[in-house]
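Novice: Enclosed is the structure file input-v3.cif (mmCIF, C-alpha atoms and all ligand atoms).
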```cif
data_data
#
loop_
_atom_site.group_PDB
_atom_site.id
_atom_site.type_symbol
_atom_site.label_atom_id
_atom_site.label_comp_id
_atom_site.auth_asym_id
_atom_site.auth_seq_id
_atom_site.Cartn_x
_atom_site.Cartn_y
_atom_site.Cartn_z
ATOM 1 C CA MET A 1 24.463 34.613 -89.984
ATOM 2 C CA THR A 2 26.113 32.706 -87.188
ATOM 3 C CA VAL A 3 27.671 34.195 -84.104
ATOM 4 C CA VAL A 4 30.178 31.941 -82.447
ATOM 5 C CA THR A 5 30.993 32.752 -78.850
ATOM 6 C CA ARG A 6 33.116 29.737 -78.058
ATOM 7 C CA GLY A 7 35.243 30.355 -74.996
ATOM 8 C CA PHE A 8 34.256 33.991 -74.657
ATOM 9 C CA LYS A 9 32.698 34.733 -71.291
ATOM 10 C CA GLY A 10 33.596 38.372 -70.681
ATOM 11 C CA ARG A 11 36.501 40.034 -68.952
ATOM 12 C CA GLY A 12 35.931 38.634 -65.449
ATOM 13 C CA THR A 13 37.219 35.112 -66.065
ATOM 14 C CA ARG A 14 40.145 35.732 -68.357
ATOM 15 C CA ASP A 15 42.622 33.314 -66.750
ATOM 16 C CA ALA A 16 40.326 30.345 -67.347
ATOM 17 C CA GLN A 17 40.074 31.465 -70.970
ATOM 18 C CA LEU A 18 43.796 31.485 -71.565
ATOM 19 C CA PRO A 19 45.571 28.341 -72.760
ATOM 20 C CA PRO A 20 48.678 27.329 -70.767
ATOM 21 C CA GLY A 21 51.662 29.660 -71.124
ATOM 22 C CA GLN A 22 49.699 32.460 -72.817
ATOM 23 C CA TYR A 23 49.298 36.082 -71.718
ATOM 24 C CA LEU A 24 46.584 38.528 -72.640
ATOM 25 C CA THR A 25 47.322 41.457 -74.947
ATOM 26 C CA PRO A 26 45.065 44.375 -75.807
ATOM 27 C CA ASP A 27 47.082 44.969 -79.000
ATOM 28 C CA PHE A 28 47.050 43.021 -82.224
ATOM 29 C CA PRO A 29 50.764 42.336 -82.836
ATOM 30 C CA VAL A 30 51.763 42.041 -86.495
ATOM 31 C CA LEU A 31 53.840 38.936 -87.216
ATOM 32 C CA SER A 32 55.159 38.252 -90.685
ATOM 33 C CA ALA A 33 57.712 35.913 -92.218
ATOM 34 C CA GLY A 34 58.161 38.139 -95.253
ATOM 35 C CA PRO A 35 57.250 41.363 -97.000
ATOM 36 C CA THR A 36 53.589 42.323 -96.899
ATOM 37 C CA PRO A 37 52.112 41.588 -100.318
ATOM 38 C CA ARG A 38 49.809 44.230 -101.783
ATOM 39 C CA ILE A 39 47.104 42.315 -103.620
ATOM 40 C CA ASP A 40 44.530 44.074 -105.717
ATOM 41 C CA PRO A 41 41.154 42.323 -105.284
ATOM 42 C CA THR A 42 40.630 42.467 -109.070
ATOM 43 C CA GLY A 43 43.515 40.029 -109.507
ATOM 44 C CA TRP A 44 42.754 38.016 -106.391
ATOM 45 C CA GLU A 45 41.478 34.479 -106.478
ATOM 46 C CA PHE A 46 40.963 31.682 -103.995
ATOM 47 C CA PHE A 47 41.413 28.075 -105.084
ATOM 48 C CA ILE A 48 40.684 24.637 -103.752
ATOM 49 C CA ALA A 49 42.664 21.849 -105.419
ATOM 50 C CA THR A 50 40.893 18.607 -104.603
ATOM 51 C CA GLY A 51 43.885 16.321 -105.004
ATOM 52 C CA SER A 52 42.230 14.387 -107.822
ATOM 53 C CA GLY A 53 43.040 16.882 -110.547
ATOM 54 C CA GLU A 54 40.086 19.189 -109.969
ATOM 55 C CA ARG A 55 40.621 22.857 -109.140
ATOM 56 C CA ARG A 56 37.844 25.229 -108.047
ATOM 57 C CA THR A 57 38.433 28.968 -108.048
ATOM 58 C CA TRP A 58 36.543 31.967 -106.720
ATOM 59 C CA SER A 59 37.168 35.550 -107.761
ATOM 60 C CA TRP A 60 36.889 38.294 -105.149
ATOM 61 C CA SER A 61 33.337 39.163 -106.209
ATOM 62 C CA GLN A 62 32.333 35.482 -106.285
ATOM 63 C CA LEU A 63 33.666 34.997 -102.755
ATOM 64 C CA ARG A 64 31.886 38.084 -101.468
ATOM 65 C CA ALA A 65 28.625 36.878 -103.017
ATOM 66 C CA LEU A 66 28.686 33.771 -100.800
ATOM 67 C CA PRO A 67 26.942 33.698 -97.398
ATOM 68 C CA THR A 68 29.016 35.626 -94.842
ATOM 69 C CA GLU A 69 29.311 34.737 -91.173
ATOM 70 C CA THR A 70 30.260 37.032 -88.319
ATOM 71 C CA VAL A 71 32.228 35.229 -85.625
ATOM 72 C CA MET A 72 33.626 36.251 -82.256
ATOM 73 C CA VAL A 73 36.623 34.124 -81.311
ATOM 74 C CA ASP A 74 39.717 34.069 -79.115
ATOM 75 C CA ILE A 75 43.071 33.900 -80.900
ATOM 76 C CA HIS A 76 46.299 32.443 -79.523
ATOM 77 C CA CYS A 77 49.735 33.101 -81.034
ATOM 78 C CA VAL A 78 52.550 30.615 -80.441
ATOM 79 C CA THR A 79 54.729 33.582 -79.392
ATOM 80 C CA LYS A 80 52.481 33.531 -76.294
ATOM 81 C CA TRP A 81 50.066 36.421 -76.765
ATOM 82 C CA SER A 82 46.345 35.788 -76.778
ATOM 83 C CA LYS A 83 43.541 38.132 -77.712
ATOM 84 C CA LEU A 84 39.994 37.451 -76.572
ATOM 85 C CA GLY A 85 36.699 38.203 -78.256
ATOM 86 C CA THR A 86 37.978 39.222 -81.699
ATOM 87 C CA THR A 87 35.280 39.757 -84.327
ATOM 88 C CA TRP A 88 35.657 38.697 -87.947
ATOM 89 C CA ASP A 89 33.510 38.446 -91.063
ATOM 90 C CA GLY A 90 34.191 35.745 -93.577
ATOM 91 C CA VAL A 91 33.010 32.775 -95.572
ATOM 92 C CA SER A 92 33.005 29.433 -93.805
ATOM 93 C CA LEU A 93 35.223 26.711 -95.274
ATOM 94 C CA ASP A 94 32.120 24.502 -94.932
ATOM 95 C CA THR A 95 30.564 26.648 -97.666
ATOM 96 C CA LEU A 96 33.662 26.536 -99.887
ATOM 97 C CA LEU A 97 34.119 22.783 -99.419
ATOM 98 C CA ALA A 98 30.385 21.996 -99.815
ATOM 99 C CA ASP A 99 30.562 20.287 -103.220
ATOM 100 C CA VAL A 100 34.207 19.280 -103.032
ATOM 101 C CA GLU A 101 35.159 15.650 -102.638
ATOM 102 C CA PRO A 102 38.596 15.737 -100.961
ATOM 103 C CA ALA A 103 40.981 13.117 -102.291
ATOM 104 C CA GLY A 104 42.627 12.854 -98.874
ATOM 105 C CA ASP A 105 42.446 13.898 -95.237
ATOM 106 C CA PHE A 106 45.142 16.584 -95.296
ATOM 107 C CA ALA A 107 45.225 20.201 -96.352
ATOM 108 C CA LEU A 108 48.127 22.462 -97.262
ATOM 109 C CA VAL A 109 47.097 26.110 -97.197
ATOM 110 C CA HIS A 110 48.915 28.445 -99.618
ATOM 111 C CA SER A 111 49.343 32.197 -99.324
ATOM 112 C CA TYR A 112 50.328 34.990 -101.675
ATOM 113 C CA GLY A 113 54.032 35.450 -100.905
ATOM 114 C CA GLY A 114 54.734 31.721 -100.688
ATOM 115 C CA TYR A 115 53.781 31.001 -97.063
ATOM 116 C CA THR A 116 52.219 27.606 -96.354
ATOM 117 C CA THR A 117 50.667 25.858 -93.358
ATOM 118 C CA ASN A 118 49.169 22.387 -92.986
ATOM 119 C CA LEU A 119 46.240 20.992 -91.050
ATOM 120 C CA PRO A 120 43.787 18.097 -91.275
ATOM 121 C CA VAL A 121 40.793 18.711 -93.563
ATOM 122 C CA ALA A 122 38.607 17.886 -90.539
ATOM 123 C CA ASP A 123 39.856 21.065 -88.832
ATOM 124 C CA LEU A 124 38.699 23.178 -91.776
ATOM 125 C CA THR A 125 35.120 21.913 -91.409
ATOM 126 C CA GLY A 126 32.436 21.875 -88.737
ATOM 127 C CA GLY A 127 32.154 25.653 -88.399
ATOM 128 C CA ARG A 128 35.774 26.050 -87.270
ATOM 129 C CA ALA A 129 37.490 27.768 -90.215
ATOM 130 C CA TRP A 130 36.771 30.800 -92.393
ATOM 131 C CA VAL A 131 38.247 32.873 -95.202
ATOM 132 C CA ALA A 132 38.014 36.165 -93.311
ATOM 133 C CA PHE A 133 38.021 39.570 -94.998
ATOM 134 C CA ARG A 134 36.876 41.919 -92.215
ATOM 135 C CA TYR A 135 38.267 42.412 -88.722
ATOM 136 C CA ALA A 136 36.349 44.395 -86.072
ATOM 137 C CA GLY A 137 33.941 45.546 -88.761
ATOM 138 C CA ALA A 138 36.581 47.021 -91.096
ATOM 139 C CA GLU A 139 38.192 45.628 -94.236
ATOM 140 C CA LEU A 140 41.226 43.567 -93.278
ATOM 141 C CA ASP A 141 44.500 45.552 -93.386
ATOM 142 C CA PRO A 142 47.280 44.087 -95.552
ATOM 143 C CA GLU A 143 49.424 43.889 -92.376
ATOM 144 C CA HIS A 144 46.835 41.540 -90.868
ATOM 145 C CA GLY A 145 46.493 39.483 -94.020
ATOM 146 C CA GLY A 146 44.123 41.484 -96.210
ATOM 147 C CA PRO A 147 42.406 41.239 -98.516
ATOM 148 C CA ALA A 148 41.653 37.851 -96.926
ATOM 149 C CA ARG A 149 43.237 35.450 -94.469
ATOM 150 C CA LEU A 150 42.412 32.020 -93.181
ATOM 151 C CA LEU A 151 40.911 32.047 -89.676
ATOM 152 C CA VAL A 152 41.279 28.793 -87.716
ATOM 153 C CA PRO A 153 41.125 30.076 -84.143
ATOM 154 C CA HIS A 154 41.158 26.702 -82.383
ATOM 155 C CA LEU A 155 44.776 26.219 -83.490
ATOM 156 C CA TYR A 156 47.804 28.488 -82.866
ATOM 157 C CA PHE A 157 47.498 31.572 -85.018
ATOM 158 C CA TRP A 158 50.342 30.695 -87.425
ATOM 159 C CA LYS A 159 47.804 28.262 -88.937
ATOM 160 C CA SER A 160 45.515 31.229 -89.740
ATOM 161 C CA ALA A 161 47.482 32.024 -92.886
ATOM 162 C CA LYS A 162 47.546 35.686 -93.915
ATOM 163 C CA TRP A 163 47.022 36.598 -97.610
ATOM 164 C CA VAL A 164 45.394 33.223 -98.187
ATOM 165 C CA ARG A 165 45.411 32.081 -101.784
ATOM 166 C CA GLY A 166 44.012 28.568 -101.643
ATOM 167 C CA VAL A 167 43.844 25.115 -100.134
ATOM 168 C CA GLU A 168 45.488 22.041 -101.593
ATOM 169 C CA LEU A 169 43.874 18.788 -100.443
ATOM 170 C CA LEU A 170 46.347 15.938 -100.103
ATOM 171 C CA ARG A 171 46.438 12.213 -99.433
ATOM 172 C CA GLN A 172 49.666 12.611 -97.463
ATOM 173 C CA ASP A 173 50.336 15.249 -94.844
ATOM 174 C CA GLN A 174 52.930 17.832 -95.902
ATOM 175 C CA PRO A 175 54.449 20.162 -93.299
ATOM 176 C CA GLY A 176 54.151 23.885 -93.988
ATOM 177 C CA PHE A 177 56.512 26.845 -93.555
ATOM 178 C CA TRP A 178 56.869 26.698 -89.751
ATOM 179 C CA GLU A 179 55.830 23.069 -89.276
ATOM 180 C CA SER A 180 58.913 21.998 -91.247
ATOM 181 C CA VAL A 181 61.341 23.892 -88.990
ATOM 182 C CA GLY A 182 60.443 22.967 -85.434
ATOM 183 C CA TYR A 183 56.859 24.072 -84.909
ATOM 184 C CA HIS A 184 54.238 21.491 -84.015
ATOM 185 C CA ASN A 185 52.436 19.778 -86.870
ATOM 186 C CA TYR A 186 48.982 20.301 -85.313
ATOM 187 C CA GLY A 187 49.373 23.228 -82.891
ATOM 188 C CA ASP A 188 46.579 22.903 -80.324
ATOM 189 C CA PRO A 189 47.061 25.798 -77.855
ATOM 190 C CA TRP A 190 45.102 24.027 -75.106
ATOM 191 C CA ARG A 191 47.584 21.134 -75.223
ATOM 192 C CA GLU A 192 50.449 23.629 -75.636
ATOM 193 C CA GLN A 193 51.637 21.975 -78.847
ATOM 194 C CA ARG A 194 54.247 24.598 -79.735
ATOM 195 C CA TYR A 195 57.212 22.553 -80.975
ATOM 196 C CA TRP A 196 57.952 19.127 -82.466
ATOM 197 C CA GLY A 197 57.260 16.452 -79.874
ATOM 198 C CA ASP A 198 55.153 18.674 -77.567
ATOM 199 C CA MET B 199 60.454 33.105 -106.242
ATOM 200 C CA THR B 200 59.838 36.539 -107.695
ATOM 201 C CA GLU B 201 56.199 37.541 -107.915
ATOM 202 C CA SER B 202 55.017 40.601 -109.745
ATOM 203 C CA TRP B 203 52.917 41.959 -106.867
ATOM 204 C CA LEU B 204 55.939 42.136 -104.549
ATOM 205 C CA THR B 205 57.369 45.610 -104.215
ATOM 206 C CA GLN B 206 61.031 45.587 -105.114
ATOM 207 C CA SER B 207 62.174 46.840 -101.736
ATOM 208 C CA GLY B 208 59.828 44.574 -99.852
ATOM 209 C CA ALA B 209 58.899 47.604 -97.786
ATOM 210 C CA PRO B 210 55.306 48.548 -97.109
ATOM 211 C CA GLN B 211 54.099 51.281 -99.448
ATOM 212 C CA SER B 212 52.134 53.039 -96.737
ATOM 213 C CA GLY B 213 55.200 54.770 -95.314
ATOM 214 C CA ALA B 214 55.323 52.417 -92.322
ATOM 215 C CA PRO B 215 58.807 51.343 -91.201
ATOM 216 C CA PRO B 216 60.081 48.183 -92.919
ATOM 217 C CA SER B 217 59.153 44.911 -91.241
ATOM 218 C CA TRP B 218 62.686 43.556 -91.601
ATOM 219 C CA VAL B 219 66.124 44.221 -90.148
ATOM 220 C CA ASP B 220 69.522 43.330 -91.601
ATOM 221 C CA GLY B 221 71.256 39.959 -91.380
ATOM 222 C CA ASN B 222 73.425 40.956 -88.431
ATOM 223 C CA GLU B 223 70.300 40.157 -86.415
ATOM 224 C CA LEU B 224 71.122 36.458 -87.037
ATOM 225 C CA ALA B 225 74.449 36.597 -85.190
ATOM 226 C CA GLY B 226 73.116 35.684 -81.759
ATOM 227 C CA ALA B 227 70.979 32.746 -82.833
ATOM 228 C CA LEU B 228 73.608 31.283 -85.157
ATOM 229 C CA ALA B 229 76.448 31.760 -82.664
ATOM 230 C CA GLU B 230 74.700 29.132 -80.585
ATOM 231 C CA VAL B 231 75.092 26.609 -83.413
ATOM 232 C CA PHE B 232 78.278 27.422 -85.299
ATOM 233 C CA ALA B 233 81.843 27.895 -84.161
ATOM 234 C CA VAL B 234 82.330 30.614 -86.780
ATOM 235 C CA ASP B 235 80.426 33.857 -87.240
ATOM 236 C CA VAL B 236 78.121 32.872 -90.068
ATOM 237 C CA THR B 237 76.933 36.437 -90.663
ATOM 238 C CA THR B 238 80.314 37.143 -92.279
ATOM 239 C CA ALA B 239 79.886 34.125 -94.590
ATOM 240 C CA GLN B 240 78.711 34.466 -98.189
ATOM 241 C CA GLY B 241 75.503 32.652 -99.106
ATOM 242 C CA VAL B 242 74.309 31.695 -102.576
ATOM 243 C CA CYS B 243 70.546 32.025 -103.091
ATOM 244 C CA ALA B 244 69.051 28.755 -104.338
ATOM 245 C CA GLY B 245 66.379 30.810 -106.091
ATOM 246 C CA CYS B 246 68.311 33.368 -108.151
ATOM 247 C CA GLY B 247 71.965 32.489 -107.605
ATOM 248 C CA ARG B 248 72.879 35.818 -106.033
ATOM 249 C CA MET B 249 75.867 35.571 -103.703
ATOM 250 C CA ALA B 250 75.886 37.977 -100.781
ATOM 251 C CA PRO B 251 77.103 38.195 -97.203
ATOM 252 C CA VAL B 252 74.618 36.670 -94.769
ATOM 253 C CA ALA B 253 74.763 39.963 -92.846
ATOM 254 C CA GLU B 254 73.207 41.721 -95.842
ATOM 255 C CA THR B 255 70.108 39.523 -96.031
ATOM 256 C CA ARG B 256 66.713 40.840 -94.953
ATOM 257 C CA VAL B 257 65.699 39.214 -91.709
ATOM 258 C CA PHE B 258 62.044 39.144 -90.694
ATOM 259 C CA ASP B 259 62.191 38.841 -86.922
ATOM 260 C CA ARG B 260 58.623 39.717 -85.946
ATOM 261 C CA ALA B 261 57.617 36.122 -86.537
ATOM 262 C CA PRO B 262 57.655 32.757 -84.721
ATOM 263 C CA GLY B 263 61.275 32.410 -85.900
ATOM 264 C CA LEU B 264 63.896 34.340 -87.866
ATOM 265 C CA VAL B 265 63.438 34.321 -91.638
ATOM 266 C CA ALA B 266 66.321 35.580 -93.793
ATOM 267 C CA ARG B 267 65.387 36.499 -97.356
ATOM 268 C CA CYS B 268 67.414 37.228 -100.489
ATOM 269 C CA VAL B 269 67.773 40.928 -101.266
ATOM 270 C CA GLY B 270 67.595 40.103 -104.980
ATOM 271 C CA CYS B 271 64.505 37.895 -105.244
ATOM 272 C CA SER B 272 63.066 37.793 -101.691
ATOM 273 C CA ALA B 273 63.213 33.980 -101.579
ATOM 274 C CA VAL B 274 63.712 32.427 -98.148
ATOM 275 C CA LEU B 275 67.415 31.669 -97.588
ATOM 276 C CA LEU B 276 67.367 30.546 -93.988
ATOM 277 C CA ARG B 277 64.962 29.907 -91.127
ATOM 278 C CA VAL B 278 65.900 29.644 -87.455
ATOM 279 C CA VAL B 279 63.475 28.610 -84.723
ATOM 280 C CA ARG B 280 64.572 28.764 -81.106
ATOM 281 C CA GLY B 281 62.630 26.611 -78.656
ATOM 282 C CA PRO B 282 63.335 26.534 -74.911
ATOM 283 C CA ASP B 283 65.679 23.530 -75.247
ATOM 284 C CA ARG B 284 66.226 23.128 -79.004
ATOM 285 C CA ILE B 285 67.105 25.124 -82.090
ATOM 286 C CA TRP B 286 66.025 24.329 -85.642
ATOM 287 C CA LEU B 287 67.832 25.562 -88.710
ATOM 288 C CA ASP B 288 66.525 25.255 -92.270
ATOM 289 C CA LEU B 289 69.126 26.200 -94.889
ATOM 290 C CA ARG B 290 67.462 24.749 -97.967
ATOM 291 C CA GLY B 291 67.202 28.175 -99.585
ATOM 292 C CA MET B 292 70.985 28.500 -99.691
ATOM 293 C CA ALA B 293 72.656 26.553 -102.455
ATOM 294 C CA CYS B 294 76.104 27.076 -100.918
ATOM 295 C CA VAL B 295 77.730 28.873 -98.026
ATOM 296 C CA GLN B 296 81.281 30.225 -98.254
ATOM 297 C CA ILE B 297 82.958 30.755 -94.894
ATOM 298 C CA ALA B 298 86.285 32.571 -94.686
ATOM 299 C CA MET B 299 88.874 30.612 -92.665
ATOM 300 C CA PRO B 300 92.433 31.372 -91.515
ATOM 301 C CA GLY B 301 94.920 30.450 -94.257
ATOM 302 C CA THR B 302 95.998 26.929 -93.359
ATOM 303 C CA GLY B 303 96.585 25.611 -96.850
ATOM 304 C CA GLY B 304 93.956 23.332 -98.344
ATOM 305 C CA ALA B 305 93.636 22.043 -101.860
ATOM 306 C CA SER B 306 94.693 24.369 -104.675
ATOM 307 C CA PRO B 307 92.712 24.437 -107.948
ATOM 308 C CA ASP B 308 95.425 22.217 -109.463
ATOM 309 C CA GLY B 309 94.764 19.481 -106.929
ATOM 310 C CA PRO B 310 96.204 18.469 -103.593
ATOM 311 C CA GLY B 311 99.891 19.118 -103.224
ATOM 312 C CA ALA B 312 100.269 20.630 -106.698
HETATM 313 ZN ZN ZN C 401 67.588 35.245 -104.650
#
```
Mind turning this structure into structure tokens?

Specialist:
Amino acid sequence: MTVVTRGFKGRGTRDAQLPPGQYLTPDFPVLSAGPTPRIDPTGWEFFIATGSGERRTWSWSQLRALPTETVMVDIHCVTKWSKLGTTWDGVSLDTLLADVEPAGDFALVHSYGGYTTNLPVADLTGGRAWVAFRYAGAELDPEHGGPARLLVPHLYFWKSAKWVRGVELLRQDQPGFWESVGYHNYGDPWREQRYWGD
Amino acid sequence: MTESWLTQSGAPQSGAPPSWVDGNELAGALAEVFAVDVTTAQGVCAGCGRMAPVAETRVFDRAPGLVARCVGCSAVLLRVVRGPDRIWLDLRGMACVQIAMPGTGGASPDGPGA
């Protein structure tokens, strides 16, 4: 079990912990580009398509049998709210990608409901990305992406795709749902990469 | 794209209020771009072919942008993102838009001038 405390130093120094242009919220606002899908774990699966014709899949029980990590991270939404010290349980993408040979350097993440978001494969590895299924110790609500969502807290939170269904590895970068209509392709909150050209 | 796990109404089953509003919510954002009120236009869904007034779409506004979805199949019809100094509009989900205009002639079905 790993506990990540990156950037979390307690309540006294909150301004230094906030990326430029962000404000702190005690709530957990629900943002959604579509209806909330209700996915029964018995029909759930997570896939990784390697880009060279190979496709790995995990059922819900197979995913939950993998080593779980508990992480405490700060999250930053491009709509300017930030939430510090959030706690999640999930499976690291390092674990899921362990015996996968990516055909390329780019990933397109797919969600139940059709949402997509893109990021470099490098940002899914190195202990920086998880398939998370518990928030604050409780099973993840459908409104927050349950049964499982991607968690990539070092990028703006639209990259942490709710209702995650799988990862497609690609030789060529392909912009996702928001990245194709004005939002930044990478989305680093510390460099305030909100929109195209930022 | 219709998927079997989507509830027909798109509304949460838990009794929570729906997470969408109607297409009139688009009027402000689109008035910045178009000289006509696009919410009164008719849009054809590229997914299922349904034709409906833009005002009757389901607009998800608790999001980084506005997302208008087809009432029939819930496919994305339109996305609008408003930045501080730019606006982005993605209309690829609409196969065609019909906008009512004042009657100033135009080509009849029989051809120009027929
Ligand atoms: Zn449709």

Novice: Using Å and a single decimal, report how far atom CA of Thr57 of chain A sits from atom CA of Glu179 of chain A.

Specialist: 26.3 Å

Novice: Counting all atoms listed in the file, what residues are within 8 Å of ligand ZN 401 (chain C), given as a PDB file with C-alpha atoms, keeping the file's coordinate frame?

Specialist:
```pdb
ATOM      1  CA  MET B 199      60.454  33.105-106.242  1.00  0.00           C
ATOM      2  CA  VAL B 242      74.309  31.695-102.576  1.00  0.00           C
ATOM      3  CA  CYS B 243      70.546  32.025-103.091  1.00  0.00           C
ATOM      4  CA  ALA B 244      69.051  28.755-104.338  1.00  0.00           C
ATOM      5  CA  GLY B 245      66.379  30.810-106.091  1.00  0.00           C
ATOM      6  CA  CYS B 246      68.311  33.368-108.151  1.00  0.00           C
ATOM      7  CA  GLY B 247      71.965  32.489-107.605  1.00  0.00           C
ATOM      8  CA  ARG B 248      72.879  35.818-106.033  1.00  0.00           C
ATOM      9  CA  ARG B 267      65.387  36.499 -97.356  1.00  0.00           C
ATOM     10  CA  CYS B 268      67.414  37.228-100.489  1.00  0.00           C
ATOM     11  CA  VAL B 269      67.773  40.928-101.266  1.00  0.00           C
ATOM     12  CA  GLY B 270      67.595  40.103-104.980  1.00  0.00           C
ATOM     13  CA  CYS B 271      64.505  37.895-105.244  1.00  0.00           C
ATOM     14  CA  SER B 272      63.066  37.793-101.691  1.00  0.00           C
ATOM     15  CA  ALA B 273      63.213  33.980-101.579  1.00  0.00           C
ATOM     16  CA  LEU B 275      67.415  31.669 -97.588  1.00  0.00           C
TER      17      LEU B 275
END
```

Novice: Report as a tab-separated table: every residue of segment 207-238 of chain B with an atom at most 10 Å from segment 282-299 of chain B, its closest pair of atoms, and their distance in Å to one decimal, counting all atoms listed in the file, with rows sorted by chain and ascending residue number.

Specialist:
```
residue	atom	partner	partner_atom	distance
B:Ala227	CA	B:Ile285	CA	8.6
B:Leu228	CA	B:Leu287	CA	8.9
B:Glu230	CA	B:Ile285	CA	8.7
B:Val231	CA	B:Ile285	CA	8.2
B:Val234	CA	B:Ile297	CA	8.1
B:Asp235	CA	B:Ile297	CA	8.6
B:Val236	CA	B:Ile297	CA	7.2
B:Thr237	CA	B:Ile297	CA	9.3
B:Thr238	CA	B:Ile297	CA	7.4
```

Novice: Do you know which residues the PyMOL selection byres (((chain A and resi 116) around 6) and not hetatm) returns on this file, as an MDAnalysis selection string?

Specialist: chainID A and resid 109:110 115 117 176:177

Novice: One number please: atom CA of Asp99 of chain A to atom CA of Leu155 of chain A, in Å, one decimal.

Specialist: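 Straight-line distance from atom CA of Asp99 of chain A to atom CA of Leu155 of chain A works out to 25.0 Å.
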
Novice: As a list in words, please: the residues near Phe47 of chain A (cut-off 8 Å, all atoms listed in the file, same-chain neighbours under 4 positions excluded).

Specialist: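 Here the qualifying residues turn out to be Arg55, Arg56, Thr57, Trp58, Arg165, Gly166 and Val167 of chain A.
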
Novice: Which neighbours of Gly221 of chain B fall inside 7 Å, counting only C-alpha atoms, when residues of the same chain fewer than 3 positions from it are skipped, and could you give them as a compact mmCIF listing (two decimals) with C-alpha atoms, in the coordinates of the input?

Specialist:
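The file below, part_33.txt, is the result:
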```txt
# COMPACT_ATOMS: atom_id res chain seq x y z
CA LEU B 224 71.12 36.46 -87.04
CA THR B 237 76.93 36.44 -90.66
CA VAL B 252 74.62 36.67 -94.77
CA ALA B 253 74.76 39.96 -92.85
CA GLU B 254 73.21 41.72 -95.84
CA THR B 255 70.11 39.52 -96.03
CA ARG B 256 66.71 40.84 -94.95
CA VAL B 257 65.70 39.21 -91.71
```

Novice: Find the residues near segment 74-87 of chain A: any atom within 7 Å, counting only C-alpha atoms, skip ones fewer than 2 places away on the same chain, and give them as a list in words.

Specialist: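 Contacts, with the query itself left out: Phe8, Gly21, Gln22, Tyr23, Leu24, Thr25, Pro26, Thr70, Val71, Met72, Tyr135, Ala136, Pro153, Tyr156, Phe157, Trp158, Pro189 and Arg194 of chain A; Pro262 of chain B.
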
Novice: What are the residues of chain A lining chain B at 8 Å or less? Count only C-alpha atoms, and put the answer as a list in words.

Specialist: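 Using only C-alpha atoms, chain A residues at most 8 Å from chain B: Val30, Leu31, Ser32, Ala33, Gly34, Pro35, Thr36, Pro37, Arg38, Ile39, Val78, Thr79, Gly113, Trp178, Val181, Gly182 and Tyr195 of chain A.
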
Novice: Please report, as JSON, the centre and edge lengths in Å to one decimal of an axis-aligned box covering all listed atoms of segment 285-296 of chain B with 6 Å per side.

Specialist:
```
{"center_x": 73.7, "center_y": 27.3, "center_z": -92.3, "size_x": 27.3, "size_y": 17.9, "size_z": 32.4}
```
